[in-house]
Number of protein chains: 2
Amino acid sequence: MSSIPFYPRRSVDQVEEGCELAPKFGADGLVPCVTTDVTSHEVLMLGWMNAEALRLTLETGEAHYFSRSRQEMWRKGTTSGLVQKVVEARIDDDQDAIWLRVDIGGTAASCHVGYRSCFYRAIPTAEHAGDPLIFMENVKAFDPVATYGDAPNPTQL
Amino acid sequence: MSSIPFYPRRSVDQVEEGCELAPKFGADGLVPCVTTDVTSHEVLMLGWMNAEALRLTLETGEAHYFSRSRQEMWRKGTTSGLVQKVVEARIDDDQDAIWLRVDIGGTAASCHVGYRSCFYRAIPTAEHAGDPLIFMENVKAFDPVATYGDAPNPTQL
């Protein structure tokens, strides 16, 4: 289907200092992907990609993930309309993590709970360590019930 | 050792909409952590934390990770001097990912290869998909050989 080559990993020098895309997927076949908003710089979500999701993302310029809860390919925004257009994709030194800078438009939200960022709560640190989490977003960007209806919640306990 | 409580995960509502810290570690006992520079907003690295690394990070206000290659606790900057001071810690909706906003000082670098960010290469997308990776940093922020000597390279093939 795809013409994007994933090169075999031959040496540390090739992987770290080269220009060949040689991603390393975990034992579960997935690589973590950090997605940030190109305008606000906020970290929106931490998703997971299998080889197909990574290839589809690179080819289409729209973020695709692999849903671990549903165990299926997931083109972000198909249900919510909040498609993530990839402005820039990056890979890290040992090529086992992806960073996407995306433009969403509309409410610019990415979180299934309705918030803009999935990281809507701060964890107190240092002298405040152990205190309750603090909500950094107090108003939801969209109504998750209206958007997702009775679809199963992806959060797993 | 620590007084920071990690609560049991009782319900989706508690985990997503509550103020109790109830992190979910993977089968390997680890949770991914995105670390960004508080000034440049750049994603510096994607690290991993076990329960102890998360607690130490929250208590000390300095980023601690669990090194998967060395299989040991890792206070970032102990060797390089590039300690990451935590300005803000966040947790995501289902509490299985951490985001740290850090202040490093000095060269503000985080990557063992010598670059500022571990994500120093872009992956071409859309009509350029399949093209070679593009270096976004062309000058190393520090000399990794001078800094780490002959310590084993953490990159695994």
# chains A, B, ... in the order shown; residues from 1 in each chain; ligands from 1
$ interface_residues --of "chain B" --to "chain A" --cutoff "7 Å" --atoms "only C-alpha atoms" --output "JSON, numbers by chain"
{"B": [3, 4, 5, 9, 11, 12, 19, 20, 21, 41, 46, 58, 59, 60, 61, 88, 89, 90, 91, 92, 93, 94, 97, 118, 119, 120, 121, 122, 123, 125, 126, 129, 130, 132, 133, 134, 155, 157]}
$ select_by_dssp --residues "chain B" --states "helix (DSSP H, G or I)" --output "NGL selection string"
:B and (12-17 or 51-60 or 126-128 or 144-148)
$ write_last_selection --atoms "C-alpha atoms" --output "mmCIF file, in the first residue's frame"
data_model
loop_
_atom_site.group_PDB
_atom_site.id
_atom_site.type_symbol
_atom_site.label_atom_id
_atom_site.label_comp_id
_atom_site.auth_asym_id
_atom_site.auth_seq_id
_atom_site.Cartn_x
_atom_site.Cartn_y
_atom_site.Cartn_z
ATOM 1 C CA VAL B 12 -13.707 6.296 35.029
ATOM 2 C CA ASP B 13 -15.282 9.360 36.639
ATOM 3 C CA GLN B 14 -12.743 9.354 39.473
ATOM 4 C CA VAL B 15 -9.822 8.938 37.084
ATOM 5 C CA GLU B 16 -10.956 11.501 34.490
ATOM 6 C CA GLU B 17 -12.859 14.110 36.472
ATOM 7 C CA ALA B 51 6.367 4.645 40.526
ATOM 8 C CA GLU B 52 9.558 5.625 42.347
ATOM 9 C CA ALA B 53 10.717 7.951 39.551
ATOM 10 C CA LEU B 54 7.327 9.680 39.522
ATOM 11 C CA ARG B 55 7.344 10.086 43.302
ATOM 12 C CA LEU B 56 10.933 11.395 43.325
ATOM 13 C CA THR B 57 10.098 13.858 40.552
ATOM 14 C CA LEU B 58 7.071 15.197 42.413
ATOM 15 C CA GLU B 59 8.842 15.362 45.784
ATOM 16 C CA THR B 60 12.148 16.866 44.683
ATOM 17 C CA ALA B 126 2.374 14.422 2.507
ATOM 18 C CA GLU B 127 3.918 15.040 -0.940
ATOM 19 C CA HIS B 128 7.385 14.709 0.605
ATOM 20 C CA PRO B 144 28.643 14.074 24.265
ATOM 21 C CA VAL B 145 32.094 12.435 24.329
ATOM 22 C CA ALA B 146 33.466 15.081 26.684
ATOM 23 C CA THR B 147 30.320 14.819 28.818
ATOM 24 C CA TYR B 148 29.709 11.086 28.984
#
$ atom_distance --atom1 "CA of Arg75 in chain A" --atom2 "CA of Thr39 in chain A"
21.4 Å
$ select_by_dssp --residues "range 8-117 of chain A" --states "strand (DSSP E or B)" --output "ChimeraX atom specification"
/A:31-37,43-49,62,64-67,72-75,85-91,98-103
$ write_last_selection --atoms "N, CA and C atoms" --output "JSON list (two decimals), in the first residue's frame"
[["chain", "number", "residue", "atom", "x", "y", "z"],
["A", 31, "VAL", "N", 4.55, 2.62, 18.93],
["A", 31, "VAL", "CA", 5.51, 3.65, 19.30],
["A", 31, "VAL", "C", 4.69, 4.83, 19.87],
["A", 32, "PRO", "N", 5.17, 5.46, 20.96],
["A", 32, "PRO", "CA", 4.42, 6.59, 21.50],
["A", 32, "PRO", "C", 4.57, 7.84, 20.64],
["A", 33, "CYS", "N", 3.51, 8.63, 20.60],
["A", 33, "CYS", "CA", 3.50, 9.86, 19.81],
["A", 33, "CYS", "C", 3.00, 11.02, 20.67],
["A", 34, "VAL", "N", 3.83, 12.03, 20.82],
["A", 34, "VAL", "CA", 3.46, 13.27, 21.51],
["A", 34, "VAL", "C", 2.86, 14.21, 20.48],
["A", 35, "THR", "N", 1.69, 14.76, 20.76],
["A", 35, "THR", "CA", 1.07, 15.67, 19.81],
["A", 35, "THR", "C", 0.87, 17.03, 20.47],
["A", 36, "THR", "N", 1.45, 18.07, 19.84],
["A", 36, "THR", "CA", 1.33, 19.43, 20.39],
["A", 36, "THR", "C", 0.59, 20.33, 19.41],
["A", 37, "ASP", "N", -0.03, 21.37, 19.95],
["A", 37, "ASP", "CA", -0.74, 22.35, 19.13],
["A", 37, "ASP", "C", 0.28, 23.33, 18.56],
["A", 43, "VAL", "N", 0.91, 20.58, 24.93],
["A", 43, "VAL", "CA", 0.84, 19.15, 24.66],
["A", 43, "VAL", "C", -0.63, 18.75, 24.72],
["A", 44, "LEU", "N", -1.15, 18.25, 23.61],
["A", 44, "LEU", "CA", -2.57, 17.90, 23.52],
["A", 44, "LEU", "C", -2.83, 16.48, 23.99],
["A", 45, "MET", "N", -1.95, 15.56, 23.60],
["A", 45, "MET", "CA", -2.19, 14.16, 23.92],
["A", 45, "MET", "C", -0.92, 13.34, 23.74],
["A", 46, "LEU", "N", -0.94, 12.15, 24.33],
["A", 46, "LEU", "CA", 0.10, 11.16, 24.10],
["A", 46, "LEU", "C", -0.61, 9.96, 23.50],
["A", 47, "GLY", "N", -0.39, 9.72, 22.22],
["A", 47, "GLY", "CA", -1.05, 8.62, 21.54],
["A", 47, "GLY", "C", -0.07, 7.53, 21.18],
["A", 48, "TRP", "N", -0.58, 6.52, 20.52],
["A", 48, "TRP", "CA", 0.26, 5.38, 20.14],
["A", 48, "TRP", "C", 0.04, 5.08, 18.67],
["A", 49, "MET", "N", 1.09, 4.70, 17.98],
["A", 49, "MET", "CA", 1.00, 4.37, 16.56],
["A", 49, "MET", "C", 1.60, 2.99, 16.30],
["A", 62, "GLU", "N", -2.45, 13.77, 8.04],
["A", 62, "GLU", "CA", -3.45, 13.81, 9.12],
["A", 62, "GLU", "C", -3.08, 12.76, 10.16],
["A", 64, "HIS", "N", -2.97, 9.84, 12.52],
["A", 64, "HIS", "CA", -3.62, 8.54, 12.74],
["A", 64, "HIS", "C", -2.94, 7.88, 13.94],
["A", 65, "TYR", "N", -3.73, 7.24, 14.76],
["A", 65, "TYR", "CA", -3.19, 6.53, 15.91],
["A", 65, "TYR", "C", -3.73, 5.11, 15.90],
["A", 66, "PHE", "N", -3.17, 4.28, 16.78],
["A", 66, "PHE", "CA", -3.74, 2.97, 17.00],
["A", 66, "PHE", "C", -4.40, 3.00, 18.37],
["A", 67, "SER", "N", -5.69, 2.77, 18.41],
["A", 67, "SER", "CA", -6.41, 2.80, 19.67],
["A", 67, "SER", "C", -6.14, 1.52, 20.44],
["A", 72, "GLU", "N", -7.81, -0.83, 17.29],
["A", 72, "GLU", "CA", -8.03, -0.58, 15.87],
["A", 72, "GLU", "C", -7.42, 0.75, 15.43],
["A", 73, "MET", "N", -7.24, 0.87, 14.11],
["A", 73, "MET", "CA", -6.74, 2.11, 13.54],
["A", 73, "MET", "C", -7.71, 3.24, 13.84],
["A", 74, "TRP", "N", -7.15, 4.44, 14.05],
["A", 74, "TRP", "CA", -7.97, 5.54, 14.53],
["A", 74, "TRP", "C", -7.49, 6.82, 13.85],
["A", 75, "ARG", "N", -8.28, 7.27, 12.86],
["A", 75, "ARG", "CA", -8.00, 8.57, 12.26],
["A", 75, "ARG", "C", -8.62, 9.61, 13.16],
["A", 85, "LYS", "N", -4.34, 18.24, 11.53],
["A", 85, "LYS", "CA", -3.48, 18.39, 10.35],
["A", 85, "LYS", "C", -2.04, 18.54, 10.79],
["A", 86, "VAL", "N", -1.18, 17.69, 10.24],
["A", 86, "VAL", "CA", 0.22, 17.65, 10.67],
["A", 86, "VAL", "C", 0.99, 18.79, 10.00],
["A", 87, "VAL", "N", 1.50, 19.70, 10.81],
["A", 87, "VAL", "CA", 2.35, 20.79, 10.31],
["A", 87, "VAL", "C", 3.79, 20.31, 10.26],
["A", 88, "GLU", "N", 4.17, 19.54, 11.25],
["A", 88, "GLU", "CA", 5.53, 18.98, 11.26],
["A", 88, "GLU", "C", 5.54, 17.68, 12.05],
["A", 89, "ALA", "N", 6.27, 16.70, 11.55],
["A", 89, "ALA", "CA", 6.47, 15.44, 12.26],
["A", 89, "ALA", "C", 7.96, 15.31, 12.57],
["A", 90, "ARG", "N", 8.24, 14.84, 13.78],
["A", 90, "ARG", "CA", 9.64, 14.63, 14.16],
["A", 90, "ARG", "C", 9.81, 13.25, 14.78],
["A", 91, "ILE", "N", 11.06, 12.80, 14.80],
["A", 91, "ILE", "CA", 11.38, 11.52, 15.43],
["A", 91, "ILE", "C", 12.56, 11.73, 16.36],
["A", 98, "ILE", "N", 7.64, 9.61, 18.48],
["A", 98, "ILE", "CA", 7.25, 10.55, 17.44],
["A", 98, "ILE", "C", 6.71, 11.82, 18.10],
["A", 99, "TRP", "N", 6.97, 12.97, 17.47],
["A", 99, "TRP", "CA", 6.37, 14.24, 17.91],
["A", 99, "TRP", "C", 5.66, 14.83, 16.71],
["A", 100, "LEU", "N", 4.36, 15.09, 16.86],
["A", 100, "LEU", "CA", 3.59, 15.77, 15.82],
["A", 100, "LEU", "C", 3.21, 17.17, 16.29],
["A", 101, "ARG", "N", 3.44, 18.16, 15.44],
["A", 101, "ARG", "CA", 2.92, 19.51, 15.69],
["A", 101, "ARG", "C", 1.72, 19.66, 14.75],
["A", 102, "VAL", "N", 0.54, 19.87, 15.34],
["A", 102, "VAL", "CA", -0.69, 19.82, 14.54],
["A", 102, "VAL", "C", -1.50, 21.11, 14.64],
["A", 103, "ASP", "N", -2.31, 21.28, 13.60],
["A", 103, "ASP", "CA", -3.27, 22.38, 13.53],
["A", 103, "ASP", "C", -4.65, 21.74, 13.47]]
$ closest_residue --among "B:Arg70, B:Val38, B:Lys140, B:Ala63" --to "Gly105 in chain B" --atoms "only C-alpha atoms"
B:Val38
$ atom_distance --atom1 "CA of Ala27 in chain B" --atom2 "CA of Ser69 in chain A"
14.7 Å
$ atom_distance --atom1 "CA of Asn50 in chain A" --atom2 "CA of Gly29 in chain A"
5.7 Å
